[in-house]
$ cat structure24.cif   # mmCIF, C-alpha atoms
data_start
loop_
_atom_site.label_atom_id
_atom_site.label_comp_id
_atom_site.auth_asym_id
_atom_site.auth_seq_id
_atom_site.Cartn_x
_atom_site.Cartn_y
_atom_site.Cartn_z
CA MET A 174 100.28 115.59 81.34
CA ASN A 175 100.06 119.37 81.09
CA PRO A 176 97.27 120.89 83.20
CA ILE A 177 94.52 122.85 81.43
CA VAL A 178 93.42 124.79 84.50
CA ARG A 179 94.72 127.99 86.02
CA SER A 180 96.37 128.09 89.42
CA GLY A 181 96.05 130.34 92.41
CA ALA A 182 93.14 132.34 93.80
CA ALA A 183 91.26 132.56 90.50
CA ALA A 184 91.10 128.79 90.08
CA ARG A 185 90.11 128.26 93.71
CA ALA A 186 87.32 130.83 93.42
CA GLY A 187 86.12 129.34 90.14
CA ALA A 188 86.06 125.84 91.57
CA LEU A 189 83.97 127.05 94.50
CA LEU A 190 81.49 128.73 92.14
CA ILE A 191 81.13 125.58 90.04
CA LEU A 192 80.56 123.51 93.18
CA VAL A 193 78.05 125.91 94.74
CA GLY A 194 75.92 126.18 91.58
CA PRO A 195 74.24 122.76 91.68
CA LEU A 196 73.95 122.95 95.47
CA VAL A 197 72.00 126.20 95.17
CA SER A 198 69.74 124.66 92.52
CA TRP A 199 69.11 121.54 94.60
CA GLY A 200 68.34 123.67 97.64
CA ALA A 201 65.92 125.84 95.68
CA GLU A 202 64.24 122.75 94.26
CA PHE A 203 63.77 121.20 97.71
CA ILE A 204 62.31 124.39 99.17
CA THR A 205 60.03 125.04 96.20
CA ALA A 206 58.77 121.46 95.99
CA ALA A 207 58.04 121.42 99.72
CA ALA A 208 55.88 124.54 99.36
CA TRP A 209 53.83 122.97 96.52
CA GLN A 210 51.04 121.26 98.46
CA ASP A 211 47.86 121.61 96.39
CA PRO A 212 48.11 118.99 95.02
CA PRO A 213 51.38 117.75 96.58
CA TYR A 214 54.34 117.93 94.24
CA SER A 215 55.62 114.58 92.96
CA PRO A 216 59.26 114.53 91.78
CA LEU A 217 58.54 111.46 89.64
CA TYR A 218 55.33 112.67 88.02
CA ASN A 219 55.58 116.46 87.79
CA TRP A 220 57.74 118.45 85.39
CA VAL A 221 60.85 119.98 86.94
CA SER A 222 60.29 123.28 85.13
CA HIS A 223 56.78 123.56 86.59
CA LEU A 224 58.45 124.36 89.91
CA GLY A 225 59.39 127.72 88.38
CA LEU A 226 55.86 128.72 87.33
CA THR A 227 54.72 131.85 89.13
CA GLY A 228 51.24 133.29 89.31
CA PRO A 229 47.90 131.51 89.74
CA PRO A 230 47.54 127.73 89.36
CA GLN A 231 47.24 126.58 85.76
CA ASN A 232 47.04 123.43 83.69
CA ALA A 233 50.28 123.40 81.70
CA PHE A 234 51.52 120.57 79.50
CA GLY A 235 48.89 118.20 80.82
CA GLN A 236 49.58 118.79 84.50
CA VAL A 237 48.13 121.00 87.20
CA ALA A 238 50.86 123.48 88.17
CA ASN A 239 50.69 125.30 91.48
CA SER A 240 54.10 126.49 92.72
CA PRO A 241 53.75 129.15 95.46
CA LEU A 242 57.52 129.71 95.54
CA GLY A 243 58.14 129.56 91.80
CA ALA A 244 60.35 132.65 91.98
CA VAL A 245 62.70 130.80 94.35
CA MET A 246 63.23 128.06 91.78
CA ASP A 247 63.69 130.53 88.94
CA THR A 248 66.27 132.43 90.99
CA GLY A 249 68.08 129.19 91.78
CA TRP A 250 68.38 128.33 88.09
CA VAL A 251 69.65 131.77 87.12
CA ILE A 252 72.23 131.70 89.92
CA TYR A 253 73.32 128.19 88.90
CA GLY A 254 73.86 129.19 85.29
CA THR A 255 75.71 132.37 86.21
CA LEU A 256 78.02 130.61 88.67
CA LEU A 257 78.79 127.85 86.18
CA ILE A 258 79.79 130.23 83.40
CA THR A 259 81.82 132.48 85.68
CA GLY A 260 83.49 129.54 87.40
CA ALA A 261 84.46 127.89 84.10
CA PHE A 262 86.19 131.06 82.86
CA LEU A 263 88.09 131.33 86.15
CA VAL A 264 89.16 127.67 86.26
CA PHE A 265 90.09 126.78 82.69
CA ASP A 266 92.98 128.32 80.78
CA PRO A 267 92.13 128.67 77.06
CA ARG A 268 95.84 129.12 76.27
CA LYS A 269 96.33 125.41 77.02
CA GLY A 270 94.75 124.22 73.78
CA ALA A 271 91.45 122.90 72.47
CA ARG A 272 90.38 120.94 75.56
CA PRO A 273 89.79 123.90 77.89
CA ILE A 274 88.15 125.89 75.09
CA ILE A 275 85.71 123.04 74.43
CA ILE A 276 84.88 122.63 78.11
CA VAL A 277 84.34 126.37 78.63
CA THR A 278 82.13 126.51 75.52
CA LEU A 279 80.02 123.64 76.85
CA ALA A 280 79.83 125.36 80.24
CA VAL A 281 78.58 128.56 78.60
CA LEU A 282 75.93 126.66 76.63
CA ALA A 283 74.81 124.71 79.71
CA GLY A 284 74.88 127.77 81.98
CA ALA A 285 72.97 129.92 79.52
CA GLY A 286 70.47 127.11 79.05
CA VAL A 287 69.66 126.61 82.72
CA ALA A 288 69.48 130.38 83.29
CA LEU A 289 67.10 130.71 80.33
CA VAL A 290 64.80 128.11 81.89
CA GLY A 291 64.57 130.33 84.95
CA ILE A 292 64.06 133.54 82.98
CA VAL A 293 61.47 132.24 80.48
CA GLN A 294 58.92 130.03 82.23
CA GLY A 295 57.15 127.08 80.65
CA SER A 296 53.76 128.71 81.14
CA ASN A 297 50.61 128.79 79.05
CA ALA A 298 51.16 132.51 78.50
CA ASN A 299 54.56 131.83 76.93
CA VAL A 300 53.08 129.07 74.80
CA ASP A 301 50.58 131.60 73.43
CA ASN A 302 53.15 134.33 72.76
CA GLY A 303 55.80 132.00 71.33
CA LEU A 304 58.41 132.53 74.05
CA ILE A 305 58.11 128.87 74.99
CA ALA A 306 60.66 128.24 72.24
CA LEU A 307 63.32 129.98 74.36
CA HIS A 308 62.37 127.88 77.37
CA THR A 309 62.60 124.72 75.28
CA TYR A 310 65.94 125.68 73.72
CA GLY A 311 67.31 126.45 77.18
CA ALA A 312 66.14 123.16 78.67
CA GLN A 313 67.37 121.00 75.82
CA GLY A 314 70.58 123.00 75.54
CA VAL A 315 71.58 122.36 79.13
CA MET A 316 70.56 118.71 78.86
CA LEU A 317 72.88 118.11 75.91
CA ALA A 318 75.75 120.50 76.65
CA GLY A 319 75.80 119.70 80.36
CA ASN A 320 76.12 115.96 79.89
CA ILE A 321 78.67 116.28 77.10
CA MET A 322 80.64 118.59 79.40
CA ALA A 323 80.65 115.92 82.13
CA ILE A 324 82.13 113.44 79.64
CA ALA A 325 84.70 115.97 78.38
CA VAL A 326 85.75 116.80 81.96
CA GLY A 327 86.12 113.12 82.82
CA ALA A 328 88.14 112.46 79.67
CA SER A 329 90.52 115.28 80.68
CA GLY A 330 90.47 114.34 84.35
CA THR A 331 94.21 114.13 84.98
CA ARG A 332 94.77 117.49 83.26
CA ILE A 333 92.14 119.09 85.51
CA GLY A 334 92.95 117.48 88.83
CA LEU A 335 90.34 114.72 89.05
CA THR A 336 91.31 111.36 90.46
CA ARG A 337 90.84 108.31 88.27
CA ARG A 338 87.67 107.35 90.14
CA ARG A 339 86.20 110.81 89.81
CA SER A 340 87.08 110.92 86.13
CA ILE A 341 85.23 107.64 85.59
CA ALA A 342 82.31 108.90 87.67
CA SER A 343 82.05 112.07 85.57
CA ILE A 344 82.12 110.12 82.31
CA THR A 345 79.56 107.66 83.66
CA ALA A 346 77.26 110.46 84.80
CA GLY A 347 77.40 112.23 81.45
CA THR A 348 76.84 109.00 79.54
CA ALA A 349 73.85 108.14 81.73
CA GLY A 350 72.36 111.59 81.16
CA LEU A 351 72.82 111.40 77.39
CA THR A 352 71.28 107.92 77.36
CA ALA A 353 68.25 109.16 79.29
CA PHE A 354 67.77 112.17 76.98
CA PRO A 355 66.19 110.29 74.03
CA LEU A 356 64.00 108.35 76.48
CA PHE A 357 62.82 111.63 77.97
CA MET A 358 62.15 113.13 74.54
CA THR A 359 60.26 110.01 73.44
CA ASP A 360 58.11 110.23 76.56
CA VAL A 361 57.34 113.86 75.68
CA LEU A 362 56.86 113.66 71.92
CA THR A 363 54.65 110.57 72.00
CA GLY A 364 52.36 112.27 74.49
CA TRP A 365 52.68 109.34 76.87
CA MET A 366 54.10 111.57 79.63
CA TRP A 367 54.64 108.61 81.96
CA ASN A 368 56.59 109.74 85.05
CA ILE A 369 57.97 112.69 83.13
CA GLY A 370 59.67 114.04 86.26
CA LEU A 371 61.65 110.80 86.62
CA PHE A 372 62.96 110.88 83.05
CA GLU A 373 63.67 114.61 83.24
CA ARG A 374 65.72 114.20 86.40
CA ALA A 375 67.54 111.24 84.88
CA VAL A 376 68.90 113.71 82.33
CA ILE A 377 69.43 116.70 84.63
CA TYR A 378 70.87 115.23 87.82
CA PRO A 379 73.92 113.64 86.13
CA ILE A 380 74.86 117.14 84.93
CA MET A 381 74.63 118.54 88.44
CA ILE A 382 76.63 115.62 89.83
CA GLY A 383 79.27 116.23 87.17
CA HIS A 384 79.56 119.89 88.14
CA ALA A 385 79.81 119.00 91.83
CA LEU A 386 82.60 116.52 91.02
CA LEU A 387 84.43 119.09 88.91
CA GLY A 388 84.21 121.92 91.44
CA SER A 389 85.17 119.83 94.46
CA SER A 390 88.03 118.11 92.61
CA VAL A 391 89.60 121.33 91.33
CA ALA A 392 89.25 122.91 94.78
CA ALA A 393 90.97 119.92 96.40
CA ALA A 394 93.74 119.85 93.78
CA GLN A 395 94.39 123.58 94.15
CA ARG A 396 94.49 123.27 97.94
CA HIS A 397 96.96 120.39 97.72
CA ARG A 398 99.06 122.33 95.23
CA ALA A 399 99.16 125.35 97.55
CA THR A 400 100.27 123.31 100.56
CA HIS A 401 102.57 120.91 98.69
CA PRO A 402 104.51 122.86 96.04
CA PRO A 403 106.46 120.79 93.48
CA THR A 404 109.89 119.60 94.63
CA HIS A 405 111.69 121.24 91.71
CA THR A 406 110.16 124.59 92.64
CA LEU A 407 111.37 124.28 96.23
CA TYR A 408 114.83 123.27 95.00
CA ARG A 409 115.02 126.21 92.59
CA THR A 410 113.85 128.65 95.26
CA SER A 411 116.39 127.43 97.83
CA ARG A 412 119.15 127.57 95.24
CA GLU A 413 118.27 131.15 94.33
CA LEU A 414 118.24 132.12 98.00
CA ARG A 415 121.73 130.71 98.48
CA ARG A 416 122.85 132.55 95.39
CA TYR A 417 121.86 135.94 96.74
CA THR A 418 123.01 135.43 100.36
#
$ encode --input "structure24.cif" --output "structure tokens"
Amino acid sequence: MNPIVRSGAAARAGALLILVGPLVSWGAEFITAAAWQDPPYSPLYNWVSHLGLTGPPQNAFGQVANSPLGAVMDTGWVIYGTLLITGAFLVFDPRKGARPIIIVTLAVLAGAGVALVGIVQGSNANVDNGLIALHTYGAQGVMLAGNIMAIAVGASGTRIGLTRRRSIASITAGTAGLTAFPLFMTDVLTGWMWNIGLFERAVIYPIMIGHALLGSSVAAAQRHRATHPPTHTLYRTSRELRRYT
């Protein structure tokens, strides 16, 4: 099958950016959650986006929000989105047909969504001024586009450089995230709000896992390609050398 990714330094750099993005976000989440001690942050109960609330403590969306390092989480999300978009443009070659174009489009939607969550907080002030709509669009955009992207990447695994197992893992992750999305929305819209953090992470973490799989797989494939060039290329090169000596 014809590859849909670029080769060389650009692809290797892009793969690294895609891999680093979710790692930065996870690191920011761990640091921010650890700093939230009054009351202690619960990853199952509390909203993920509440980690990014800056300013004084407030009661937002039915929960007490007190994130001393909210700016760290917001920065992590913006970096994640930026790295994802940049990395996707570096890795995928749109000249190879519809598949890379679709994947890059999904990466842009997911990256813009997660960055928007960091830029526009889910605060009471933004509820009052109407900007909460941007936060909501960003959150739901990354939830849908990110999981669909994981499925699309898995379905094109051999063209990208994923092994069969990693392709299946990417498809499984995206499917799990999409399955959890309506459960999360039902929990929200009914006002039940039972373990909202659990349902939210069930949608978000598969996306991050998918990006980590994509970035690490492309990086490994590019490294292998650099150290083990195709046999026909070596044959052609040696033949040309003999021709001019």
$ atom_distance --input "structure24.cif" --atom1 "CA of Ile369 in chain A" --atom2 "CA of Tyr218 in chain A"
5.6 Å
$ residues_around --input "structure24.cif" --residues "Ala233 in chain A" --least-positions-apart "2" --cutoff "10 Å" --atoms "all atoms listed in the file" --output "list in words"
Trp220, His223, Leu226, Pro230, Gln231, Gly235, Gln236, Val237, Ala238, Asn239, Gly295, Ser296, Asn297, Ala298 and Val300 of chain A
$ closest_residue --input "structure24.cif" --among "A:Val221, A:Ala306, A:Val251, A:Ala271" --to "Leu289 in chain A" --atoms "all atoms listed in the file"
A:Val251
$ resolve_selection --input "structure24.cif" --expression "the PyMOL selection byres ((chain A and resi 188) around 12)" --output "JSON, numbers by chain"
{"A": [178, 179, 180, 181, 182, 183, 184, 185, 186, 187, 189, 190, 191, 192, 193, 194, 256, 257, 258, 259, 260, 261, 262, 263, 264, 265, 333, 334, 384, 385, 386, 387, 388, 389, 390, 391, 392, 393, 394, 395, 396]}
$ closest_residue --input "structure24.cif" --among "A:Ala346, A:Ile324, A:Met358, A:Leu371" --to "Leu279 in chain A" --atoms "only C-alpha atoms"
A:Ile324
$ resolve_selection --input "structure24.cif" --expression "the PyMOL selection byres ((chain A and resi 322) around 8)" --output "list of chain:residue names"
A:Ile276, A:Leu279, A:Ala280, A:Ala318, A:Gly319, A:Asn320, A:Ile321, A:Ala323, A:Ile324, A:Ala325, A:Val326, A:Gly347
$ axis_aligned_box --input "structure24.cif" --around "range 330-336 of chain A" --padding-each-side "8 Å" --output "AutoDock Vina command-line options"
--center_x 92.6 --center_y 115.2 --center_z 86.9 --size_x 20.4 --size_y 23.7 --size_z 23.2
$ atom_distance --input "structure24.cif" --atom1 "CA of Pro212 in chain A" --atom2 "CA of Asn232 in chain A"
12.2 Å
